[in-house]
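**Q** I'd like to ask you about the structure that follows.
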Amino acid sequence: MSQESPRQTASTDARQTKPLRRWVRRNGGPIAGKALAYLALTVLSVVTLLPLLWSVASSFTPLNDIYKFAVPFSWHALLPTNVTLQAYQDLWASTYPRALFNTVLVCAVTVVAGILINSLAGFAFAVFNFPGKRVLFILVLITFLVPFEVLALPLFVIINTLHLDNSYQALILPALANGIVVFLFRQFFIDTPRELLEAARIDGLGWFGVYVRIVIPISTPVMVSAGLVLFLSQWQAFFWPLLVTNSPSYQMVQVALSTFSGQYVTKWNDIFAGSIIATIVPLVLLLTLQRYYVRTIARTGLTD
Amino acid sequence: MSRREWWVPYAFLLPAIVGLVIFRVVPTIYAIGRSFYAISFGLNPATVFVGSDNYTALFSDPTFWQSVRVTAVFNLIINPLQTTLALLLALLVSMRLRGIGVFRSIFFIPISISITVASIIWQLMLDPQSGLLNGLIEAVGLPPQSFLTSPNQALPSIILIASWIGVGYWMFFFIAGLNGIPPTLYEAAAMDGASSFASFVHITVPLLRRVIAFVLVADTTANFLLFAPVYILTHGGPQGSTDLLMYEAYNSDFVGLDVGRATAITTVLLASLLVVVGAQLLLLRSSER
């Protein structure tokens with residue numbers, strides 16, 4: 001309580017001075033700080049949003065208008081006056097829908113099979129004790145720390161030699177077992193009450209039965225987070241799909257986009273429309289599931 | 001678990017471990033092994049053991065050293081930059097301000113933007129003739145810049161593009177870390193008359209050391225292997241100024257058709273990645289004491 005007394009004397013002092021000066025003295029520091037914070041937040045938001053606003057606006061703008069309003073800069077660059085869907089119609093007629101279909105298919109299979117495979121492994125690491133556990137867990141940790149991209153080139157040489165390129169298997173299989181996802185599941189399952197598992201065992205369930213009937217139903221949050229990681233890893237994949245596919249029948253969305261921007265260098269409206277579509281799908285998913293993402297995935301940085 | 005069930009954990013692990021061995025361990029061994037082989041030319045081209053020839057050729061090649069230099073400069077700038085900005089941004093959006101949720105959501109958007117899309121959008125943003133950025137620069141009366149087409153500005157442009165999506169992403173790891181710091185610590189410090197800068201140095205940074213280490217390491221491993229912007233925007237140029245090692249490895253295989261050189265570069269990348277990650281972990285662990 002003795003800590004409070006100086007503050008009280010300060011405010012009694014202040015009562016005798018002019019109201020404005022008193023108000024500034026009491027709130028001036030925080031207000032200046034807040035104003036500064038809002039300024040910084042606004043500037044950074046503009047930096048984040050400006051390229052996106054321009055992309056969205058330009059995807060609805062006739063091609064000539066894009067060039068006309070960017071340099072010299074006019075507000076019409078961000079607020080289109082002649083709205084057109086031409087760019088989206090162009091895309092619809094191109095190989096882009098096929099790439100979207102491929103990507104959705106690859107993502108769906110990867111998410112479902114990946115959740116199953118990695119959750120089984122995470123469960124084993126969290127619940128069982130067995131010879132070789134340490135070594136296998138270190139293997140998982142290393143694959144968590146060293147990104148797949150560094151191994152993509154040698155893996156491609158192997159796959160190419162075996163003539164397994166240009167196939168859905170080549171796109172899906174390497175992405176299934178994922179060190180980060182195993183780790184996410186292990187961290188979640190480690191807190192499962194043992195009594196729950198033991199009770200189910202006494203009721204005569206096998207371990208796989210325990211996993212299906214007891215573990216899966218209680219692990220929705222981690223499944224959603226793991227699903228997001230797996231989904232993003234495929235939706236945003238570029239290097240591996242670029243290496244392993246050269247036929248449009250198996251092209252993935254990011255590769256299609258880069259090919260597109262290389263071939264139709266001048267069709268800026270089409271390039272923007274393609275970029276918007278490639279971004280809107282993960283954006284909607286991430287904004288809906290934001291709290292799972294922040295709670296679980298960002299927390300992997302806290303534990304080791 | 002009874003004795004008869006010794007195989008249960010292995011059965012649970014089998015699919016994941018098989019996947020990791022085939023798609024992570026095998027390529028690692030293959031990369032190292034293949035880097036000691038080359039294709040012999042002649043009537044019957046064959047893969048023959050050449051010892052360290054691929055490495056000797058690589059280490060005496062100025063293109064490779066240029067690429068090493070670019071990769072080193074790029075990483076020495078981008079990783080501290082992104083980590084610092086992400087931490088500052090996390091502190092900013094952790095302030096108790098009206099409407100802060102809106103700002104958080106804005107900075108969340110870049111997570112859904114792939115590096116490919118970021119490269120493509122910024123290619124048009126930075127276009128010297130018709131790009132929006134030069135439009136804005138000219139609007140405030142400054143001369144237009146050449147960005148990706150200039151040997152001096154191309155690498156900084158790629159740093160800008162990668163950071164545009166990277167900072168928001170890593171910010172969320174710091175927010176999770178900041179949420180774990182008990183507010184009572186700050187209250188106690190404020191009562192003792194500590195300034196907010198002092199409590200940042202003496203409370204926030206020490207308690208966030210693990211998250212800082214994690215972000216720095218994870219960010220470095222990602223940027224060490226950055227490929228898409230170079231492939232899409234510059235093809236390593238102008239004058240080799242953006243020739244990151246990942247692109248150099250890709251180029252050796254796809255353009256130079258030299259798998260020996262490509263796998264040798266991959267092995268160099270893999271080894272340096274392990275050294276960088278290990279050194280950072282050691283550094284941060286020793287500063288803990």
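We label chains A, B, ... in the order they appear in the structure tokens, count residues from 1 in each chain, and number ligands from 1 in the order shown.
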Considering only alpha helix (DSSP H) as DSSP defines it on the backbone, what residues of stretch 115-165 of chain B qualify? List them as number ranges by chain.
**A** B: 115-125, 132-139, 154-165
**Q** Would you mind exporting N, CA and C atoms of the selected residues as a PDB file, in the first residue's frame?
**A**
```pdb
ATOM      1  N   ILE B 115       4.369 -17.693 -51.473  1.00  0.00           N
ATOM      2  CA  ILE B 115       5.522 -16.938 -51.964  1.00  0.00           C
ATOM      3  C   ILE B 115       5.436 -16.778 -53.488  1.00  0.00           C
ATOM      4  N   THR B 116       4.791 -17.739 -54.146  1.00  0.00           N
ATOM      5  CA  THR B 116       4.606 -17.637 -55.601  1.00  0.00           C
ATOM      6  C   THR B 116       3.699 -16.458 -55.943  1.00  0.00           C
ATOM      7  N   VAL B 117       2.549 -16.400 -55.266  1.00  0.00           N
ATOM      8  CA  VAL B 117       1.613 -15.296 -55.521  1.00  0.00           C
ATOM      9  C   VAL B 117       2.265 -13.964 -55.148  1.00  0.00           C
ATOM     10  N   ALA B 118       2.967 -13.937 -54.007  1.00  0.00           N
ATOM     11  CA  ALA B 118       3.644 -12.706 -53.593  1.00  0.00           C
ATOM     12  C   ALA B 118       4.610 -12.255 -54.684  1.00  0.00           C
ATOM     13  N   SER B 119       5.380 -13.193 -55.238  1.00  0.00           N
ATOM     14  CA  SER B 119       6.341 -12.843 -56.289  1.00  0.00           C
ATOM     15  C   SER B 119       5.626 -12.277 -57.504  1.00  0.00           C
ATOM     16  N   ILE B 120       4.523 -12.923 -57.885  1.00  0.00           N
ATOM     17  CA  ILE B 120       3.824 -12.515 -59.103  1.00  0.00           C
ATOM     18  C   ILE B 120       3.190 -11.135 -58.930  1.00  0.00           C
ATOM     19  N   ILE B 121       2.540 -10.912 -57.770  1.00  0.00           N
ATOM     20  CA  ILE B 121       1.926  -9.598 -57.530  1.00  0.00           C
ATOM     21  C   ILE B 121       2.991  -8.498 -57.500  1.00  0.00           C
ATOM     22  N   TRP B 122       4.103  -8.775 -56.801  1.00  0.00           N
ATOM     23  CA  TRP B 122       5.138  -7.744 -56.677  1.00  0.00           C
ATOM     24  C   TRP B 122       5.913  -7.531 -57.976  1.00  0.00           C
ATOM     25  N   GLN B 123       5.924  -8.553 -58.828  1.00  0.00           N
ATOM     26  CA  GLN B 123       6.534  -8.362 -60.143  1.00  0.00           C
ATOM     27  C   GLN B 123       5.838  -7.207 -60.865  1.00  0.00           C
ATOM     28  N   LEU B 124       4.504  -7.178 -60.748  1.00  0.00           N
ATOM     29  CA  LEU B 124       3.749  -6.110 -61.403  1.00  0.00           C
ATOM     30  C   LEU B 124       3.831  -4.814 -60.598  1.00  0.00           C
ATOM     31  N   MET B 125       3.829  -4.937 -59.231  1.00  0.00           N
ATOM     32  CA  MET B 125       3.990  -3.739 -58.386  1.00  0.00           C
ATOM     33  C   MET B 125       5.282  -3.008 -58.733  1.00  0.00           C
ATOM     34  N   LEU B 132       2.715  -0.057 -59.903  1.00  0.00           N
ATOM     35  CA  LEU B 132       2.070   0.900 -59.005  1.00  0.00           C
ATOM     36  C   LEU B 132       3.092   1.636 -58.148  1.00  0.00           C
ATOM     37  N   LEU B 133       4.170   0.957 -57.755  1.00  0.00           N
ATOM     38  CA  LEU B 133       5.126   1.586 -56.846  1.00  0.00           C
ATOM     39  C   LEU B 133       5.808   2.784 -57.501  1.00  0.00           C
ATOM     40  N   ASN B 134       6.211   2.623 -58.772  1.00  0.00           N
ATOM     41  CA  ASN B 134       6.802   3.770 -59.466  1.00  0.00           C
ATOM     42  C   ASN B 134       5.773   4.867 -59.674  1.00  0.00           C
ATOM     43  N   GLY B 135       4.492   4.485 -59.852  1.00  0.00           N
ATOM     44  CA  GLY B 135       3.423   5.471 -59.940  1.00  0.00           C
ATOM     45  C   GLY B 135       3.364   6.310 -58.683  1.00  0.00           C
ATOM     46  N   LEU B 136       3.460   5.641 -57.514  1.00  0.00           N
ATOM     47  CA  LEU B 136       3.412   6.352 -56.238  1.00  0.00           C
ATOM     48  C   LEU B 136       4.681   7.161 -56.016  1.00  0.00           C
ATOM     49  N   ILE B 137       5.825   6.588 -56.389  1.00  0.00           N
ATOM     50  CA  ILE B 137       7.097   7.292 -56.216  1.00  0.00           C
ATOM     51  C   ILE B 137       7.121   8.570 -57.040  1.00  0.00           C
ATOM     52  N   GLU B 138       6.615   8.491 -58.290  1.00  0.00           N
ATOM     53  CA  GLU B 138       6.570   9.677 -59.138  1.00  0.00           C
ATOM     54  C   GLU B 138       5.543  10.679 -58.614  1.00  0.00           C
ATOM     55  N   ALA B 139       4.475  10.167 -57.995  1.00  0.00           N
ATOM     56  CA  ALA B 139       3.432  11.062 -57.476  1.00  0.00           C
ATOM     57  C   ALA B 139       3.976  11.954 -56.356  1.00  0.00           C
ATOM     58  N   ALA B 154      17.833  -5.544 -57.149  1.00  0.00           N
ATOM     59  CA  ALA B 154      17.084  -6.790 -57.316  1.00  0.00           C
ATOM     60  C   ALA B 154      17.027  -7.589 -56.013  1.00  0.00           C
ATOM     61  N   LEU B 155      18.171  -7.762 -55.344  1.00  0.00           N
ATOM     62  CA  LEU B 155      18.175  -8.553 -54.103  1.00  0.00           C
ATOM     63  C   LEU B 155      17.355  -7.866 -52.998  1.00  0.00           C
ATOM     64  N   PRO B 156      17.541  -6.538 -52.776  1.00  0.00           N
ATOM     65  CA  PRO B 156      16.658  -5.865 -51.809  1.00  0.00           C
ATOM     66  C   PRO B 156      15.178  -6.014 -52.166  1.00  0.00           C
ATOM     67  N   SER B 157      14.851  -6.010 -53.461  1.00  0.00           N
ATOM     68  CA  SER B 157      13.448  -6.195 -53.855  1.00  0.00           C
ATOM     69  C   SER B 157      12.945  -7.561 -53.420  1.00  0.00           C
ATOM     70  N   ILE B 158      13.778  -8.600 -53.598  1.00  0.00           N
ATOM     71  CA  ILE B 158      13.356  -9.947 -53.193  1.00  0.00           C
ATOM     72  C   ILE B 158      13.218 -10.019 -51.670  1.00  0.00           C
ATOM     73  N   ILE B 159      14.106  -9.325 -50.944  1.00  0.00           N
ATOM     74  CA  ILE B 159      13.981  -9.274 -49.480  1.00  0.00           C
ATOM     75  C   ILE B 159      12.644  -8.638 -49.093  1.00  0.00           C
ATOM     76  N   LEU B 160      12.295  -7.558 -49.793  1.00  0.00           N
ATOM     77  CA  LEU B 160      11.012  -6.889 -49.538  1.00  0.00           C
ATOM     78  C   LEU B 160       9.845  -7.845 -49.778  1.00  0.00           C
ATOM     79  N   ILE B 161       9.877  -8.563 -50.906  1.00  0.00           N
ATOM     80  CA  ILE B 161       8.763  -9.449 -51.269  1.00  0.00           C
ATOM     81  C   ILE B 161       8.614 -10.575 -50.242  1.00  0.00           C
ATOM     82  N   ALA B 162       9.733 -11.204 -49.874  1.00  0.00           N
ATOM     83  CA  ALA B 162       9.666 -12.314 -48.925  1.00  0.00           C
ATOM     84  C   ALA B 162       9.226 -11.827 -47.546  1.00  0.00           C
ATOM     85  N   SER B 163       9.628 -10.601 -47.175  1.00  0.00           N
ATOM     86  CA  SER B 163       9.266 -10.082 -45.861  1.00  0.00           C
ATOM     87  C   SER B 163       7.805  -9.633 -45.820  1.00  0.00           C
ATOM     88  N   TRP B 164       7.285  -9.231 -46.962  1.00  0.00           N
ATOM     89  CA  TRP B 164       5.887  -8.786 -47.023  1.00  0.00           C
ATOM     90  C   TRP B 164       4.966  -9.874 -46.472  1.00  0.00           C
ATOM     91  N   ILE B 165       5.252 -11.149 -46.801  1.00  0.00           N
ATOM     92  CA  ILE B 165       4.414 -12.211 -46.233  1.00  0.00           C
ATOM     93  C   ILE B 165       5.060 -12.834 -44.997  1.00  0.00           C
TER      94      ILE B 165
END
```
**Q** Would you write out, as a tab-separated table, a table of all residues in stretch 133-208 of chain B that have an atom no more than 7 Å from an atom of stretch 71-87 of chain B, listing for each the closest atom pair and the distance in Å to one decimal, considering only C-alpha atoms and ordering rows by chain and rising residue number?
**A**
```
residue	atom	partner	partner_atom	distance
B:Ile159	CA	B:Ile78	CA	6.2
B:Ser163	CA	B:Gln82	CA	6.2
B:Gly166	CA	B:Gln82	CA	6.8
B:Val167	CA	B:Ala86	CA	4.9
B:Gly168	CA	B:Ala86	CA	6.5
B:Trp170	CA	B:Ala86	CA	5.7
B:Met171	CA	B:Ala86	CA	4.4
B:Phe174	CA	B:Leu87	CA	6.0
```
**Q** So, with only C-alpha atoms as the atoms that count, which of A:Gly33, A:Val150, A:Ala77, A:Tyr38 lies closest to B:Leu270?
**A**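 Once distances to B:Leu270 are computed over only C-alpha atoms, the minimum belongs to A:Val150.
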**Q** Excluding same-chain residues fewer than 5 positions from stretch 92-94 of chain A, what lies within 12 Å of it counting only C-alpha atoms, as a list in words?
**A** Leu85, Gln86, Ala87, Ala99, Leu100, Pro248, Ala256, Leu257, Thr259, Phe260, Tyr264, Asp270, Ile271, Ala273, Gly274 and Ile277 of chain A
**Q** Kindly save the residues from that selection, with N, CA, C and O atoms included, as a PDB file, in the first residue's frame.
**A**
```pdb
ATOM      1  N   LEU A  85     -15.621  -8.568 -65.976  1.00  0.00           N
ATOM      2  CA  LEU A  85     -15.252  -9.908 -65.498  1.00  0.00           C
ATOM      3  C   LEU A  85     -14.391 -10.626 -66.533  1.00  0.00           C
ATOM      4  O   LEU A  85     -14.179 -11.835 -66.431  1.00  0.00           O
ATOM      5  N   GLN A  86     -13.899  -9.847 -67.517  1.00  0.00           N
ATOM      6  CA  GLN A  86     -13.134 -10.438 -68.621  1.00  0.00           C
ATOM      7  C   GLN A  86     -12.016 -11.354 -68.131  1.00  0.00           C
ATOM      8  O   GLN A  86     -11.851 -12.465 -68.624  1.00  0.00           O
ATOM      9  N   ALA A  87     -11.250 -10.896 -67.127  1.00  0.00           N
ATOM     10  CA  ALA A  87     -10.097 -11.667 -66.653  1.00  0.00           C
ATOM     11  C   ALA A  87     -10.529 -13.037 -66.136  1.00  0.00           C
ATOM     12  O   ALA A  87      -9.886 -14.052 -66.426  1.00  0.00           O
ATOM     13  N   ALA A  99      -5.993 -26.958 -63.116  1.00  0.00           N
ATOM     14  CA  ALA A  99      -4.989 -26.861 -62.046  1.00  0.00           C
ATOM     15  C   ALA A  99      -5.672 -26.749 -60.687  1.00  0.00           C
ATOM     16  O   ALA A  99      -5.217 -27.353 -59.708  1.00  0.00           O
ATOM     17  N   LEU A 100      -6.774 -26.001 -60.632  1.00  0.00           N
ATOM     18  CA  LEU A 100      -7.507 -25.871 -59.366  1.00  0.00           C
ATOM     19  C   LEU A 100      -8.074 -27.227 -58.949  1.00  0.00           C
ATOM     20  O   LEU A 100      -7.994 -27.608 -57.776  1.00  0.00           O
ATOM     21  N   PRO A 248       0.191 -30.429 -68.294  1.00  0.00           N
ATOM     22  CA  PRO A 248      -0.894 -29.643 -67.691  1.00  0.00           C
ATOM     23  C   PRO A 248      -1.923 -30.514 -66.970  1.00  0.00           C
ATOM     24  O   PRO A 248      -2.633 -30.023 -66.092  1.00  0.00           O
ATOM     25  N   ALA A 256       0.824 -23.441 -62.194  1.00  0.00           N
ATOM     26  CA  ALA A 256       0.007 -22.908 -63.289  1.00  0.00           C
ATOM     27  C   ALA A 256       0.120 -21.385 -63.318  1.00  0.00           C
ATOM     28  O   ALA A 256       0.285 -20.790 -64.379  1.00  0.00           O
ATOM     29  N   LEU A 257       0.067 -20.785 -62.137  1.00  0.00           N
ATOM     30  CA  LEU A 257       0.141 -19.332 -62.027  1.00  0.00           C
ATOM     31  C   LEU A 257       1.477 -18.798 -62.547  1.00  0.00           C
ATOM     32  O   LEU A 257       1.521 -17.804 -63.281  1.00  0.00           O
ATOM     33  N   THR A 259       3.548 -20.302 -64.641  1.00  0.00           N
ATOM     34  CA  THR A 259       3.618 -20.530 -66.085  1.00  0.00           C
ATOM     35  C   THR A 259       2.825 -19.446 -66.805  1.00  0.00           C
ATOM     36  O   THR A 259       3.271 -18.853 -67.794  1.00  0.00           O
ATOM     37  N   PHE A 260       1.637 -19.203 -66.275  1.00  0.00           N
ATOM     38  CA  PHE A 260       0.740 -18.202 -66.812  1.00  0.00           C
ATOM     39  C   PHE A 260       1.401 -16.827 -66.878  1.00  0.00           C
ATOM     40  O   PHE A 260       1.358 -16.157 -67.901  1.00  0.00           O
ATOM     41  N   TYR A 264       1.863 -15.114 -70.505  1.00  0.00           N
ATOM     42  CA  TYR A 264       1.036 -13.956 -70.851  1.00  0.00           C
ATOM     43  C   TYR A 264       1.500 -12.752 -70.063  1.00  0.00           C
ATOM     44  O   TYR A 264       0.768 -12.196 -69.251  1.00  0.00           O
ATOM     45  N   ASP A 270      -5.472 -10.855 -66.107  1.00  0.00           N
ATOM     46  CA  ASP A 270      -5.590 -12.301 -65.928  1.00  0.00           C
ATOM     47  C   ASP A 270      -4.668 -12.798 -64.816  1.00  0.00           C
ATOM     48  O   ASP A 270      -5.050 -13.638 -64.007  1.00  0.00           O
ATOM     49  N   ILE A 271      -3.438 -12.270 -64.801  1.00  0.00           N
ATOM     50  CA  ILE A 271      -2.472 -12.681 -63.773  1.00  0.00           C
ATOM     51  C   ILE A 271      -3.011 -12.321 -62.392  1.00  0.00           C
ATOM     52  O   ILE A 271      -2.957 -13.133 -61.452  1.00  0.00           O
ATOM     53  N   ALA A 273      -6.201 -11.872 -61.531  1.00  0.00           N
ATOM     54  CA  ALA A 273      -7.368 -12.708 -61.217  1.00  0.00           C
ATOM     55  C   ALA A 273      -6.923 -14.090 -60.724  1.00  0.00           C
ATOM     56  O   ALA A 273      -7.456 -14.616 -59.739  1.00  0.00           O
ATOM     57  N   GLY A 274      -5.913 -14.666 -61.392  1.00  0.00           N
ATOM     58  CA  GLY A 274      -5.390 -15.966 -60.965  1.00  0.00           C
ATOM     59  C   GLY A 274      -4.810 -15.909 -59.563  1.00  0.00           C
ATOM     60  O   GLY A 274      -5.047 -16.804 -58.747  1.00  0.00           O
ATOM     61  N   ILE A 277      -7.643 -15.785 -56.944  1.00  0.00           N
ATOM     62  CA  ILE A 277      -8.281 -17.085 -56.706  1.00  0.00           C
ATOM     63  C   ILE A 277      -7.365 -17.983 -55.878  1.00  0.00           C
ATOM     64  O   ILE A 277      -7.801 -18.653 -54.946  1.00  0.00           O
TER      65      ILE A 277
END
```
**Q** Give the answer as one residue: which of A:Ile276, A:Ala35, A:Val244, A:Leu283 has the shortest atom-to-atom distance to A:Pro51, using only C-alpha atoms?
**A** A:Ile276
**Q** Mind giving me the straight-line distance from atom CA of B:Pro45 to atom CA of B:Thr263 in Å, one decimal?
**A** 18.7 Å
**Q** Pick the closest to A:Pro241 from A:Ala175, A:Leu197, A:Val215, A:Ile180: which is it, counting only C-alpha atoms?
**A** A:Ala175
**Q** Using only C-alpha atoms, can you tell me which of B:Glu5, B:Asp53, B:Asp192, B:Glu187 comes closest to B:Ile39?
**A** B:Asp53
**Q** Within 12 Å of B:Leu269, counting only C-alpha atoms, which residues show up once you throw out same-chain ones fewer than 4 positions away? Write them as a PyMOL selection string, please.
**A** (chain A and resi 146-147+149-151+153) or (chain B and resi 28+31-32+67-68+71-72+221+223-226+244-249+262-265+273-277)
**Q** If you count only C-alpha atoms, which residues fall within 9 Å of stretch 121-128 of chain A, apart from same-chain ones fewer than 6 positions away, as a list in words?
**A**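 Surrounding residues, per the criterion: Phe137, Val181, Val182, Phe183, Leu184, Phe185, Arg186, Gln187, Phe188, Phe189, Ile190, Asp191, Thr192, Arg194, Tyr211 and Val215 of chain A; Met1, Val8, Pro9, Tyr10, Ala11, Phe12, Leu13, Leu14, Pro15, Ala16 and Ile17 of chain B.
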**Q** Can you write out the residues you just picked, keeping C-alpha atoms, as a CSV table (one decimal), in the first residue's frame?
**A**
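Listed below is the output, part11.csv:
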```
chain,number,residue,atom,x,y,z
A,137,PHE,CA,11.7,-39.3,-32.4
A,181,VAL,CA,2.3,-32.7,-37.8
A,182,VAL,CA,3.6,-35.7,-35.9
A,183,PHE,CA,5.0,-33.3,-33.4
A,184,LEU,CA,1.6,-31.4,-33.1
A,185,PHE,CA,-0.3,-34.6,-32.4
A,186,ARG,CA,2.3,-35.8,-29.9
A,187,GLN,CA,2.1,-32.5,-27.9
A,188,PHE,CA,-1.7,-32.9,-27.9
A,189,PHE,CA,-1.9,-36.6,-26.9
A,190,ILE,CA,0.7,-36.3,-24.2
A,191,ASP,CA,-2.0,-34.5,-22.0
A,192,THR,CA,-4.6,-37.3,-22.5
A,194,ARG,CA,-4.1,-42.2,-18.8
A,211,TYR,CA,-7.5,-44.8,-30.9
A,215,VAL,CA,-8.8,-40.7,-29.0
B,1,MET,CA,0.6,-52.7,-22.4
B,8,VAL,CA,1.6,-52.2,-31.2
B,9,PRO,CA,3.7,-49.0,-31.0
B,10,TYR,CA,5.6,-50.0,-34.1
B,11,ALA,CA,2.4,-50.7,-36.0
B,12,PHE,CA,1.1,-47.2,-35.1
B,13,LEU,CA,4.4,-45.6,-36.2
B,14,LEU,CA,4.9,-47.7,-39.4
B,15,PRO,CA,3.2,-45.6,-42.1
B,16,ALA,CA,4.8,-42.3,-40.9
B,17,ILE,CA,8.2,-43.8,-40.5
```
**Q** Enter the distance from atom CA of B:Leu88 to atom CA of A:Leu52, in Å, rounded to one decimal.
**A**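 Interatomic distance here is 22.9 Å.
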**Q** Env of B:Ile175: 12 Å cut, atoms = only C-alpha atoms, seq-sep filter 5 positions within chain, self excluded. Answer as a PyMOL selection string.
**A** (chain A and resi 294-295+297-299+301-302) or (chain B and resi 86-95+104+107-108+168-170+180-181+204+208+211-212+215)
**Q** What's the separation between atom CA of A:Pro80 and atom CA of A:Trp54, in Å to one decimal place?
**A** 9.6 Å
